[in-house]
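Reproduced below: structure_2.txt, with compact mmCIF, C-alpha atoms and all ligand atoms.
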# COMPACT_ATOMS: atom_id res chain seq x y z
CA MET W 1 -65.44 75.17 -112.88
CA HIS W 2 -66.65 73.22 -115.90
CA LEU W 3 -70.33 72.53 -116.59
CA THR W 4 -71.55 70.49 -119.56
CA ASP W 5 -74.03 72.03 -122.00
CA GLU W 6 -76.69 69.70 -120.58
CA GLN W 7 -75.99 70.88 -117.00
CA ARG W 8 -76.10 74.54 -118.07
CA ASN W 9 -79.39 73.95 -119.89
CA GLU W 10 -80.88 72.33 -116.80
CA ILE W 11 -79.83 75.28 -114.65
CA ASP W 12 -81.20 77.78 -117.21
CA ALA W 13 -84.51 75.88 -117.43
CA ALA W 14 -84.80 75.83 -113.61
CA ARG W 15 -84.15 79.58 -113.51
CA GLU W 16 -86.85 80.20 -116.12
CA ARG W 17 -89.56 78.53 -114.03
CA SER W 18 -91.49 80.45 -111.39
CA ALA W 19 -94.77 79.90 -109.57
CA PRO W 20 -97.00 82.15 -107.45
CA THR W 21 -96.76 81.41 -103.73
CA ARG W 22 -98.02 82.72 -100.40
CA ARG W 23 -94.73 81.75 -98.77
CA ALA W 24 -92.01 84.28 -98.02
CA THR W 25 -89.45 84.70 -100.77
CA VAL W 26 -86.28 86.81 -100.81
CA PRO W 27 -85.61 88.58 -104.14
CA ALA W 28 -81.83 88.82 -103.54
CA LEU W 29 -81.61 85.05 -102.99
CA GLU W 30 -84.04 84.29 -105.82
CA ALA W 31 -81.54 86.09 -108.08
CA LEU W 32 -78.83 83.61 -106.99
CA LEU W 33 -81.02 80.50 -107.00
CA TYR W 34 -79.54 77.49 -108.88
CA GLN W 35 -76.56 79.54 -110.16
CA PRO W 36 -73.21 77.90 -109.34
CA ILE W 37 -70.70 80.09 -107.49
CA ALA W 38 -67.24 78.83 -108.49
CA VAL W 39 -64.95 77.64 -105.67
CA LEU W 40 -61.38 76.25 -106.09
CA ASP W 41 -60.50 74.97 -109.58
CA HIS W 42 -63.51 72.72 -110.35
CA GLY W 43 -65.83 73.16 -107.36
CA PHE W 44 -68.93 75.21 -106.72
CA ILE W 45 -71.79 75.85 -104.36
CA ARG W 46 -75.29 76.68 -105.53
CA VAL W 47 -78.48 77.32 -103.60
CA ILE W 48 -81.20 74.84 -104.59
CA ASP W 49 -83.97 75.83 -102.20
CA TYR W 50 -84.67 77.73 -98.99
CA MET W 51 -87.42 78.27 -96.43
CA GLY W 52 -87.96 81.43 -94.39
CA ASP W 53 -86.26 84.80 -94.14
CA ASP W 54 -85.33 87.35 -91.45
CA ALA W 55 -89.06 87.83 -90.80
CA ALA W 56 -89.44 84.10 -90.03
CA VAL W 57 -86.85 84.46 -87.25
CA VAL W 58 -88.74 87.42 -85.81
CA GLN W 59 -92.09 85.65 -86.26
CA ALA W 60 -90.90 82.59 -84.32
CA ALA W 61 -89.28 84.69 -81.58
CA ARG W 62 -92.57 86.56 -81.08
CA VAL W 63 -94.67 83.38 -81.62
CA SER W 64 -96.79 85.58 -83.81
CA TYR W 65 -100.14 84.87 -85.52
CA GLY W 66 -99.18 86.97 -88.56
CA ASN W 67 -95.82 87.66 -90.09
CA GLY W 68 -94.59 89.00 -86.76
CA THR W 69 -92.60 91.88 -88.20
CA ARG W 70 -92.79 95.43 -86.85
CA ARG W 71 -90.59 98.32 -87.89
CA VAL W 72 -87.37 97.29 -89.69
CA SER W 73 -85.28 98.80 -86.89
CA GLU W 74 -87.23 96.86 -84.22
CA ASP W 75 -86.84 93.59 -86.14
CA ALA W 76 -83.11 94.16 -86.62
CA ALA W 77 -82.73 94.99 -82.91
CA LEU W 78 -84.59 91.81 -81.94
CA ILE W 79 -82.41 89.66 -84.23
CA ARG W 80 -79.27 91.28 -82.79
CA TYR W 81 -80.54 90.60 -79.25
CA LEU W 82 -81.21 86.94 -80.10
CA MET W 83 -77.75 86.53 -81.63
CA ARG W 84 -76.02 88.33 -78.75
CA HIS W 85 -77.73 86.23 -76.09
CA ARG W 86 -77.50 82.94 -77.99
CA HIS W 87 -81.25 82.56 -78.13
CA THR W 88 -80.81 80.22 -81.06
CA THR W 89 -84.05 78.37 -81.74
CA PRO W 90 -85.73 81.16 -83.79
CA PHE W 91 -82.85 80.80 -86.29
CA GLU W 92 -83.68 77.10 -86.66
CA MET W 93 -86.96 78.10 -88.36
CA CYS W 94 -85.11 78.91 -91.61
CA GLU W 95 -83.59 76.23 -93.82
CA ILE W 96 -81.40 76.22 -96.92
CA LYS W 97 -80.36 73.52 -99.37
CA TYR W 98 -77.08 73.65 -101.30
CA HIS W 99 -75.59 71.59 -104.10
CA VAL W 100 -71.84 71.45 -103.43
CA LYS W 101 -69.02 70.10 -105.58
CA LEU W 102 -65.88 69.67 -103.47
CA PRO W 103 -62.67 67.60 -103.20
CA ILE W 104 -63.01 64.47 -101.03
CA PHE W 105 -60.47 65.73 -98.46
CA VAL W 106 -62.63 68.85 -97.96
CA ALA W 107 -65.76 66.66 -97.77
CA ARG W 108 -64.15 64.70 -94.91
CA GLN W 109 -63.88 67.88 -92.83
CA TRP W 110 -67.31 69.11 -93.91
CA ILE W 111 -69.15 65.87 -93.04
CA ARG W 112 -68.10 66.23 -89.39
CA HIS W 113 -70.94 68.77 -89.11
CA ARG W 114 -73.65 66.31 -88.15
CA THR W 115 -76.61 68.65 -88.00
CA ALA W 116 -77.23 68.72 -91.78
CA ASN W 117 -79.04 66.34 -94.13
CA VAL W 118 -76.73 65.00 -96.82
CA ASN W 119 -77.05 62.98 -99.98
CA GLU W 120 -73.78 62.31 -101.82
CA TYR W 121 -73.17 61.35 -105.44
CA SER W 122 -72.54 57.59 -105.63
CA ALA W 123 -69.17 56.53 -106.98
CA ARG W 124 -70.56 52.99 -106.83
CA TYR W 125 -73.31 53.55 -109.40
CA SER W 126 -71.99 56.53 -111.36
CA ILE W 127 -68.70 57.56 -112.89
CA LEU W 128 -67.15 60.52 -111.09
CA ASP W 129 -66.08 63.46 -113.22
CA ARG W 130 -62.38 63.08 -113.97
CA GLU W 131 -61.63 66.22 -112.00
CA PHE W 132 -58.97 66.61 -109.33
CA TYR W 133 -58.16 69.61 -107.17
CA LEU W 134 -54.76 71.08 -107.97
CA PRO W 135 -53.83 74.01 -105.71
CA ALA W 136 -52.82 77.28 -107.36
CA PRO W 137 -49.03 77.75 -106.97
CA GLY W 138 -49.62 80.48 -104.36
CA ASN W 139 -51.40 77.91 -102.18
CA LEU W 140 -48.67 75.27 -102.42
CA ALA W 141 -46.86 75.78 -99.15
CA ALA W 142 -44.57 73.77 -96.89
CA GLN W 143 -45.58 72.55 -93.44
CA SER W 144 -45.65 75.39 -90.91
CA PRO W 145 -42.84 75.03 -88.35
CA SER W 146 -44.97 76.64 -85.59
CA ASN W 147 -48.53 75.48 -86.32
CA ARG W 148 -48.90 71.71 -86.61
CA GLN W 149 -52.29 72.15 -88.32
CA GLY W 150 -51.19 74.73 -90.86
CA ARG W 151 -49.00 75.65 -93.78
CA GLY W 152 -45.96 77.90 -93.80
CA ALA W 153 -43.79 79.37 -96.57
CA VAL W 154 -45.05 79.18 -100.16
CA LEU W 155 -42.96 76.73 -102.23
CA GLU W 156 -40.28 78.07 -104.58
CA ALA W 157 -41.30 77.94 -108.28
CA ALA W 158 -39.24 74.83 -109.16
CA GLU W 159 -40.41 72.94 -106.07
CA ALA W 160 -44.05 73.95 -106.76
CA ALA W 161 -43.75 72.74 -110.38
CA ALA W 162 -42.34 69.37 -109.22
CA VAL W 163 -45.19 68.94 -106.69
CA LEU W 164 -47.81 69.83 -109.33
CA ASP W 165 -46.29 67.27 -111.74
CA LEU W 166 -46.61 64.60 -109.05
CA LEU W 167 -50.23 65.57 -108.32
CA ARG W 168 -51.13 65.62 -112.03
CA ALA W 169 -49.72 62.12 -112.56
CA ASP W 170 -52.39 60.70 -110.25
CA GLY W 171 -55.64 59.55 -111.81
CA ALA W 172 -54.39 58.89 -115.32
CA PRO W 173 -55.32 55.33 -116.47
CA LEU W 174 -52.04 53.40 -116.75
CA GLU W 175 -53.33 50.64 -119.07
CA PRO W 176 -56.72 51.68 -120.47
CA GLY W 177 -57.23 48.42 -122.45
CA ARG W 178 -57.43 46.12 -119.37
CA GLN W 179 -60.71 44.58 -118.10
CA GLY W 180 -60.50 46.66 -114.93
CA LEU W 181 -62.48 46.52 -111.70
CA ALA W 182 -66.10 47.33 -110.82
CA ARG W 183 -66.57 50.97 -109.87
CA GLU W 184 -67.41 50.04 -106.28
CA LEU W 185 -63.91 48.53 -105.93
CA ALA W 186 -61.93 50.74 -108.31
CA ARG W 187 -62.86 53.82 -106.28
CA MET W 188 -60.75 52.61 -103.33
CA ASN W 189 -57.68 53.93 -105.12
CA LEU W 190 -59.04 57.41 -105.78
CA THR W 191 -56.90 60.21 -104.48
CA LEU W 192 -58.42 62.54 -101.89
CA ASN W 193 -58.29 65.48 -104.31
CA THR W 194 -60.96 63.81 -106.48
CA TYR W 195 -64.11 65.92 -106.64
CA THR W 196 -67.36 64.58 -105.20
CA GLN W 197 -70.78 66.26 -104.97
CA TRP W 198 -73.64 66.37 -102.55
CA TYR W 199 -76.89 68.02 -101.68
CA TRP W 200 -76.59 69.51 -98.19
CA LYS W 201 -79.57 70.93 -96.27
CA ILE W 202 -79.28 72.66 -92.91
CA ASP W 203 -81.14 75.12 -90.70
CA LEU W 204 -79.85 78.66 -90.31
CA HIS W 205 -78.65 78.21 -86.71
CA ASN W 206 -76.48 75.21 -87.57
CA LEU W 207 -75.34 76.83 -90.82
CA LEU W 208 -74.05 79.80 -88.82
CA HIS W 209 -72.25 77.38 -86.47
CA PHE W 210 -70.64 75.72 -89.51
CA LEU W 211 -69.65 79.11 -90.94
CA SER W 212 -68.26 80.38 -87.64
CA LEU W 213 -65.85 77.40 -87.64
CA ARG W 214 -65.11 77.11 -91.34
CA ALA W 215 -64.97 80.80 -92.36
CA ASP W 216 -62.53 81.32 -89.49
CA ALA W 217 -58.84 82.02 -90.17
CA HIS W 218 -57.94 78.74 -88.39
CA ALA W 219 -59.89 76.66 -90.93
CA GLN W 220 -57.98 75.14 -93.84
CA TYR W 221 -57.97 77.40 -96.91
CA GLU W 222 -59.69 74.80 -99.10
CA ILE W 223 -62.81 74.61 -96.88
CA ARG W 224 -62.68 78.29 -95.92
CA VAL W 225 -63.26 79.37 -99.53
CA TYR W 226 -66.48 77.33 -99.59
CA ALA W 227 -67.61 78.96 -96.33
CA GLU W 228 -66.83 82.42 -97.76
CA ALA W 229 -68.94 81.69 -100.87
CA MET W 230 -71.79 80.52 -98.62
CA LEU W 231 -71.54 83.74 -96.58
CA GLN W 232 -72.49 85.64 -99.76
CA THR W 233 -75.67 83.57 -99.99
CA VAL W 234 -76.49 84.12 -96.30
CA GLN W 235 -76.04 87.87 -96.73
CA ALA W 236 -78.46 87.83 -99.69
CA TRP W 237 -80.96 85.57 -97.88
CA VAL W 238 -81.15 86.99 -94.34
CA PRO W 239 -79.32 90.36 -94.32
CA MET W 240 -80.31 91.31 -90.74
CA THR W 241 -79.19 87.94 -89.37
CA PHE W 242 -76.00 88.15 -91.43
CA GLU W 243 -75.11 91.53 -89.91
CA ALA W 244 -75.79 90.30 -86.38
CA PHE W 245 -73.73 87.15 -87.06
CA ARG W 246 -70.86 89.22 -88.46
CA ASP W 247 -70.85 91.54 -85.44
CA TYR W 248 -71.48 89.07 -82.60
CA ARG W 249 -69.91 85.85 -83.87
CA LEU W 250 -67.58 86.19 -86.87
CA GLY W 251 -65.91 89.42 -85.76
CA ALA W 252 -66.19 88.80 -82.02
CA VAL W 253 -63.58 87.34 -79.68
CA THR W 254 -64.18 85.46 -76.44
CA PHE W 255 -62.11 86.32 -73.40
CA SER W 256 -61.77 83.70 -70.66
CA ALA W 257 -62.16 84.78 -67.02
CA PRO W 258 -58.34 85.02 -66.55
CA MET W 259 -58.09 87.04 -69.80
CA LEU W 260 -60.80 89.42 -68.58
CA ALA W 261 -58.87 89.87 -65.32
CA VAL W 262 -55.74 90.77 -67.34
CA LEU W 263 -57.77 93.20 -69.48
CA GLN W 264 -59.15 94.91 -66.36
CA ARG W 265 -55.63 95.29 -64.97
CA LEU W 266 -54.39 96.70 -68.31
CA LEU W 267 -57.29 99.19 -68.43
CA ALA W 268 -56.44 100.26 -64.88
CA GLY W 269 -52.99 101.23 -66.20
CA GLU W 270 -51.06 98.33 -64.69
CA ALA W 271 -48.01 97.06 -66.64
CA VAL W 272 -49.06 93.40 -66.83
CA VAL W 273 -46.61 90.87 -68.27
CA GLN W 274 -47.18 87.26 -69.26
CA PRO W 275 -45.28 85.62 -66.40
CA GLY W 276 -47.57 85.83 -63.39
CA SER W 277 -50.56 86.96 -65.50
CA GLY W 278 -52.38 83.66 -65.03
CA LEU W 279 -52.26 83.05 -68.80
CA SER W 280 -50.10 80.52 -70.63
CA ARG W 281 -47.70 81.93 -73.23
CA ARG W 282 -50.08 80.76 -75.98
CA GLU W 283 -53.19 82.31 -74.38
CA TRP W 284 -51.22 85.51 -73.78
CA ALA W 285 -50.18 85.66 -77.46
CA GLU W 286 -53.78 84.99 -78.58
CA MET W 287 -55.07 87.75 -76.33
CA MET W 288 -52.45 90.24 -77.55
CA VAL W 289 -53.35 89.45 -81.19
CA ALA W 290 -57.05 90.03 -80.35
CA LEU W 291 -56.14 93.38 -78.78
CA GLY W 292 -54.02 94.34 -81.79
CA ARG W 293 -50.82 94.28 -79.69
CA ASP W 294 -47.50 92.60 -80.42
CA PRO W 295 -48.02 88.92 -79.41
CA ARG W 296 -44.36 88.72 -78.31
CA SER W 297 -44.81 91.59 -75.83
CA GLU W 298 -44.43 90.36 -72.27
C1 LIG N 1 -59.95 74.22 -87.15
C2 LIG N 1 -60.54 72.87 -86.90
C3 LIG N 1 -59.71 71.78 -86.63
C4 LIG N 1 -60.25 70.51 -86.37
N1 LIG N 1 -59.42 69.45 -86.12
C5 LIG N 1 -59.94 68.21 -85.90
C6 LIG N 1 -59.11 67.07 -85.66
O1 LIG N 1 -57.89 67.19 -85.62
N2 LIG N 1 -59.69 65.85 -85.48
C7 LIG N 1 -61.05 65.69 -85.50
O2 LIG N 1 -61.53 64.57 -85.32
N3 LIG N 1 -61.87 66.75 -85.72
C8 LIG N 1 -61.36 67.99 -85.93
N4 LIG N 1 -62.20 69.04 -86.18
C9 LIG N 1 -63.66 68.80 -86.23
C10 LIG N 1 -64.35 69.28 -84.94
O3 LIG N 1 -63.88 68.58 -83.80
C11 LIG N 1 -65.88 69.08 -85.07
O4 LIG N 1 -66.14 67.70 -85.23
C12 LIG N 1 -66.47 69.81 -86.26
O5 LIG N 1 -66.01 71.15 -86.29
C13 LIG N 1 -67.99 69.80 -86.16
O6 LIG N 1 -68.37 70.62 -85.08
P1 LIG N 1 -69.68 70.34 -84.24
O7 LIG N 1 -69.64 68.96 -83.65
O8 LIG N 1 -69.83 71.47 -83.26
O9 LIG N 1 -70.80 70.47 -85.38
P2 LIG N 1 -72.16 69.66 -85.60
O10 LIG N 1 -71.90 68.23 -85.83
O11 LIG N 1 -72.91 70.42 -86.66
O12 LIG N 1 -72.92 69.79 -84.27
C14 LIG N 1 -73.44 71.06 -83.81
C15 LIG N 1 -73.63 70.95 -82.32
O13 LIG N 1 -74.63 69.97 -82.07
C16 LIG N 1 -74.28 69.20 -80.92
N5 LIG N 1 -74.14 67.79 -81.34
C17 LIG N 1 -74.29 67.29 -82.60
N6 LIG N 1 -74.16 65.97 -82.60
C18 LIG N 1 -73.90 65.60 -81.32
C19 LIG N 1 -73.65 64.37 -80.67
N7 LIG N 1 -73.65 63.20 -81.33
N8 LIG N 1 -73.40 64.38 -79.36
C20 LIG N 1 -73.42 65.52 -78.66
N9 LIG N 1 -73.65 66.73 -79.19
C21 LIG N 1 -73.88 66.78 -80.52
C22 LIG N 1 -72.99 69.79 -80.38
O14 LIG N 1 -73.33 70.77 -79.42
C23 LIG N 1 -72.39 70.47 -81.57
O15 LIG N 1 -71.52 71.54 -81.24
C24 LIG N 1 -61.68 70.33 -86.41
C25 LIG N 1 -62.51 71.43 -86.68
C26 LIG N 1 -61.95 72.68 -86.93
C27 LIG N 1 -62.88 73.84 -87.24
Would you mind writing the structure in this file as structure tokens?
Amino acid sequence: MHLTDEQRNEIDAARERSAPTRRATVPALEALLYQPIAVLDHGFIRVIDYMGDDAAVVQAARVSYGNGTRRVSEDAALIRYLMRHRHTTPFEMCEIKYHVKLPIFVARQWIRHRTANVNEYSARYSILDREFYLPAPGNLAAQSPSNRQGRGAVLEAAEAAAVLDLLRADGAPLEPGRQGLARELARMNLTLNTYTQWYWKIDLHNLLHFLSLRADAHAQYEIRVYAEAMLQTVQAWVPMTFEAFRDYRLGAVTFSAPMLAVLQRLLAGEAVVQPGSGLSRREWAEMMVALGRDPRSE
């Protein structure tokens, strides 16, 4: 991640400023405020602003006249109850605003989350940083033979070097002396690994929905690393909510009704096998993985 001296100075100046307020603030998130957390080779996320804290969730759930909080253990139990039973609106009372620098192909996945407010850097009016995402060799992998949406074996060193050479060749001006095209047209030839930037504001409920999809093992590595960096900020901001989210959403698995029936038969000591179980081979394998069993067992 490269920041110019001017950008660093602006961040430092913003971190110097503080003002008294009656609003709730969270010291652990204040410590992170404005600081970029590096992601991929040139990307980052940084928290620009936030509203509310764990107490705001509790306050809204209790529709309280004051801050709504009771004993820490009672508040944590209430937040866990809300998360467990998908009583989601109290979590919408908190908001957070990020500045994100990310490759365009990651932005295309990210923008599918429609419940945020977004303002993107304009490649029509401004010149994009000449920065392109180049995967680390360990992340250069061939197409997975079994998962159409995923990657398989990591490329051999020579093959990885050849791919990186091809990727590096993109973006270099071929004939810098020519008149060239207006930015609004020239950008049509940008490669999808070009970095863009946006401000992205979202409420806590929808942020957790985003994170449950994008911090998941099924999400592409390049967006997952952004989600993992954002999880750090959520943990600092709303630690009780983070713990409930980790226990009831991130680390939880959902069993369908047929899966539950299989589980009940297994617990009763029955030797259930996939054929005749009511589960497809794929569902069976998913369930066995969730139970920590060999997915090929039948
Ligand atoms: C692993 C993975 C693979 C994917 N593969 C593909 C793919 O191949 N092709 C593809 O097109 N997309 C793909 N997606 C994107 C996916 O289909 C969703 O568009 C994306 O995850 C955003 O989810 P969302 O709509 O729940 O989120 P948000 O847009 O944040 O919406 C949150 C919730 O609000 C409600 N909502 C918001 N807007 C509307 C609306 N207009 N109408 C009704 N309800 C609304 C819905 O309940 C929604 O769940 C993939 C996502 C993942 C995580």
* Around the point (-84.5, 84.3, -93.4), in the coordinates given by the file, pick out the residues reaching within 12 Å, counting all atoms listed in the file, and return them as an MDAnalysis selection string. => chainID W and resid 23:29 50:60 79 90:96 203:205 233:242
* Structure fact -> What separates atom CA of Ile127 of chain W and atom CA of Arg183 of chain W is a distance of 7.6 Å
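Distance check against Phe105 of chain W using all atoms listed in the file: of W:Thr194, W:Asn147, W:Gln7, W:Thr88, the minimum falls on W:Thr194.
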Counting all atoms listed in the file, what are the residues of chain W within 12 Å of ligand LIG 1 (chain N), and for each of them which pair of atoms is the nearest and at what distance in Å, to one decimal? Sort the table by chain and rising number, as a Markdown table.
| residue | atom | partner | partner_atom | distance |
| --- | --- | --- | --- | --- |
| W:Thr88 | CA | N:LIG1 | C15 | 11.8 |
| W:Val106 | CA | N:LIG1 | C25 | 11.6 |
| W:Ala107 | CA | N:LIG1 | C9 | 11.9 |
| W:Arg108 | CA | N:LIG1 | C9 | 9.6 |
| W:Gln109 | CA | N:LIG1 | C9 | 6.7 |
| W:Trp110 | CA | N:LIG1 | C12 | 7.7 |
| W:Ile111 | CA | N:LIG1 | C13 | 8.0 |
| W:Arg112 | CA | N:LIG1 | C13 | 4.8 |
| W:His113 | CA | N:LIG1 | O10 | 3.5 |
| W:Arg114 | CA | N:LIG1 | O10 | 3.5 |
| W:Thr115 | CA | N:LIG1 | O11 | 4.3 |
| W:Ala116 | CA | N:LIG1 | O11 | 6.9 |
| W:Asn117 | CA | N:LIG1 | O11 | 10.5 |
| W:Asn147 | CA | N:LIG1 | C1 | 11.5 |
| W:Arg148 | CA | N:LIG1 | O1 | 10.1 |
| W:Gln149 | CA | N:LIG1 | C3 | 7.6 |
| W:Gly150 | CA | N:LIG1 | C1 | 9.5 |
| W:Lys201 | CA | N:LIG1 | O11 | 11.7 |
| W:Ile202 | CA | N:LIG1 | O11 | 9.2 |
| W:Asp203 | CA | N:LIG1 | O11 | 10.3 |
| W:Leu204 | CA | N:LIG1 | O11 | 11.4 |
| W:His205 | CA | N:LIG1 | C14 | 9.3 |
| W:Asn206 | CA | N:LIG1 | O11 | 6.0 |
| W:Leu207 | CA | N:LIG1 | O11 | 8.0 |
| W:Leu208 | CA | N:LIG1 | O11 | 9.7 |
| W:His209 | CA | N:LIG1 | C14 | 7.0 |
| W:Phe210 | CA | N:LIG1 | O11 | 6.4 |
| W:Leu211 | CA | N:LIG1 | C27 | 9.3 |
| W:Ser212 | CA | N:LIG1 | C27 | 8.5 |
| W:Leu213 | CA | N:LIG1 | C27 | 4.7 |
| W:Arg214 | CA | N:LIG1 | C27 | 5.7 |
| W:Ala215 | CA | N:LIG1 | C27 | 8.9 |
| W:Asp216 | CA | N:LIG1 | C27 | 7.8 |
| W:Ala217 | CA | N:LIG1 | C1 | 8.4 |
| W:His218 | CA | N:LIG1 | C1 | 5.1 |
| W:Ala219 | CA | N:LIG1 | C1 | 4.5 |
| W:Gln220 | CA | N:LIG1 | C1 | 7.0 |
| W:Tyr221 | CA | N:LIG1 | C1 | 10.5 |
| W:Glu222 | CA | N:LIG1 | C1 | 12.0 |
| W:Ile223 | CA | N:LIG1 | C27 | 9.7 |
| W:Arg224 | CA | N:LIG1 | C27 | 9.8 |
| W:Ala227 | CA | N:LIG1 | C27 | 11.5 |
* Asked: Contacts of Val272 of chain W at 8 Å or less, counting all atoms listed in the file, minus same-chain residues fewer than 3 places along, as an NGL selection string?
  -> :W and (262 or 265-266 or 277 or 298)
Close residues, Phe44 of chain W itself excluded, 9 Å, only C-alpha atoms, min 5 positions apart in chain, as a compact mmCIF listing (two decimals) with C-alpha atoms, in the coordinates of the input:
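File written: part_23.txt
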# COMPACT_ATOMS: atom_id res chain seq x y z
CA MET W 1 -65.44 75.17 -112.88
CA PRO W 36 -73.21 77.90 -109.34
CA ILE W 37 -70.70 80.09 -107.49
CA ALA W 38 -67.24 78.83 -108.49
CA VAL W 39 -64.95 77.64 -105.67
CA HIS W 99 -75.59 71.59 -104.10
CA VAL W 100 -71.84 71.45 -103.43
CA LYS W 101 -69.02 70.10 -105.58
CA LEU W 102 -65.88 69.67 -103.47
CA TYR W 226 -66.48 77.33 -99.59
CA ALA W 229 -68.94 81.69 -100.87
* Point (-88.4, 86.6, -76.3) neighbourhood (9 Å, all atoms listed in the file) written as a PyMOL selection string -> chain W and resi 61-63+78+82+87
* Asked: Restricting the calculation to all atoms listed in the file, which member of W:Ala160, W:Ile48, W:Met230, W:Ala268 is positioned closest to Trp198 of chain W?
  -> W:Ile48
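Atom CA of Leu155 of chain W is found 26.7 Å from atom CA of Val289 of chain W.
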* Between W:Ala186, W:Leu140, W:Ile11, W:Leu181, which one has atoms that come closest to Ala161 of chain W, using only C-alpha atoms? -> W:Leu140
* Structure fact -> In terms of all atoms listed in the file, the residue from W:Glu286, W:Glu131, W:Glu120, W:Glu74 at minimal distance from His2 of chain W is W:Glu131
* What gap, in Å, lies between atom CA of Ile45 of chain W and atom CA of Tyr98 of chain W? -> 6.5 Å
* Which residue, W:Lys97, W:Arg8, W:Arg168, W:Arg15, has the smallest gap to Pro135 of chain W when you use all atoms listed in the file? -> W:Arg168
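Nearest residue to Arg296 of chain W, choosing from W:Asp165, W:Glu30, W:Glu283, W:Glu159 and counting all atoms listed in the file: W:Glu283.
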Is there a way to complete segment 276-288 of chain W with N, CA, C and O atoms and then write that out as a PDB file, in the coordinates of the input?
ATOM      1  N   GLY W 276     -46.797  85.366 -64.542  1.00  0.00           N
ATOM      2  CA  GLY W 276     -47.570  85.830 -63.390  1.00  0.00           C
ATOM      3  C   GLY W 276     -48.932  86.385 -63.767  1.00  0.00           C
ATOM      4  O   GLY W 276     -49.708  86.809 -62.898  1.00  0.00           O
ATOM      5  N   SER W 277     -49.267  86.398 -65.076  1.00  0.00           N
ATOM      6  CA  SER W 277     -50.560  86.960 -65.500  1.00  0.00           C
ATOM      7  C   SER W 277     -51.694  85.972 -65.300  1.00  0.00           C
ATOM      8  O   SER W 277     -52.866  86.344 -65.363  1.00  0.00           O
ATOM      9  N   GLY W 278     -51.339  84.692 -65.113  1.00  0.00           N
ATOM     10  CA  GLY W 278     -52.380  83.660 -65.030  1.00  0.00           C
ATOM     11  C   GLY W 278     -52.695  83.060 -66.387  1.00  0.00           C
ATOM     12  O   GLY W 278     -53.521  82.157 -66.504  1.00  0.00           O
ATOM     13  N   LEU W 279     -52.031  83.573 -67.446  1.00  0.00           N
ATOM     14  CA  LEU W 279     -52.260  83.050 -68.800  1.00  0.00           C
ATOM     15  C   LEU W 279     -51.019  82.296 -69.267  1.00  0.00           C
ATOM     16  O   LEU W 279     -49.888  82.703 -68.965  1.00  0.00           O
ATOM     17  N   SER W 280     -51.229  81.208 -70.011  1.00  0.00           N
ATOM     18  CA  SER W 280     -50.100  80.520 -70.630  1.00  0.00           C
ATOM     19  C   SER W 280     -49.518  81.431 -71.708  1.00  0.00           C
ATOM     20  O   SER W 280     -50.183  82.395 -72.131  1.00  0.00           O
ATOM     21  N   ARG W 281     -48.317  81.104 -72.184  1.00  0.00           N
ATOM     22  CA  ARG W 281     -47.700  81.930 -73.230  1.00  0.00           C
ATOM     23  C   ARG W 281     -48.602  81.977 -74.469  1.00  0.00           C
ATOM     24  O   ARG W 281     -48.739  83.014 -75.113  1.00  0.00           O
ATOM     25  N   ARG W 282     -49.224  80.825 -74.784  1.00  0.00           N
ATOM     26  CA  ARG W 282     -50.080  80.760 -75.980  1.00  0.00           C
ATOM     27  C   ARG W 282     -51.336  81.618 -75.820  1.00  0.00           C
ATOM     28  O   ARG W 282     -51.716  82.360 -76.726  1.00  0.00           O
ATOM     29  N   GLU W 283     -51.976  81.495 -74.619  1.00  0.00           N
ATOM     30  CA  GLU W 283     -53.190  82.310 -74.380  1.00  0.00           C
ATOM     31  C   GLU W 283     -52.836  83.788 -74.411  1.00  0.00           C
ATOM     32  O   GLU W 283     -53.592  84.624 -74.921  1.00  0.00           O
ATOM     33  N   TRP W 284     -51.674  84.116 -73.803  1.00  0.00           N
ATOM     34  CA  TRP W 284     -51.220  85.510 -73.780  1.00  0.00           C
ATOM     35  C   TRP W 284     -51.077  86.035 -75.206  1.00  0.00           C
ATOM     36  O   TRP W 284     -51.580  87.111 -75.547  1.00  0.00           O
ATOM     37  N   ALA W 285     -50.390  85.236 -76.066  1.00  0.00           N
ATOM     38  CA  ALA W 285     -50.180  85.660 -77.460  1.00  0.00           C
ATOM     39  C   ALA W 285     -51.525  85.819 -78.167  1.00  0.00           C
ATOM     40  O   ALA W 285     -51.735  86.798 -78.890  1.00  0.00           O
ATOM     41  N   GLU W 286     -52.461  84.889 -77.931  1.00  0.00           N
ATOM     42  CA  GLU W 286     -53.780  84.990 -78.580  1.00  0.00           C
ATOM     43  C   GLU W 286     -54.503  86.258 -78.147  1.00  0.00           C
ATOM     44  O   GLU W 286     -55.130  86.948 -78.942  1.00  0.00           O
ATOM     45  N   MET W 287     -54.389  86.561 -76.843  1.00  0.00           N
ATOM     46  CA  MET W 287     -55.070  87.750 -76.330  1.00  0.00           C
ATOM     47  C   MET W 287     -54.452  89.016 -76.923  1.00  0.00           C
ATOM     48  O   MET W 287     -55.168  89.958 -77.296  1.00  0.00           O
ATOM     49  N   MET W 288     -53.108  89.049 -77.013  1.00  0.00           N
ATOM     50  CA  MET W 288     -52.450  90.240 -77.550  1.00  0.00           C
ATOM     51  C   MET W 288     -52.837  90.447 -79.019  1.00  0.00           C
ATOM     52  O   MET W 288     -53.077  91.574 -79.458  1.00  0.00           O
TER      53      MET W 288
END
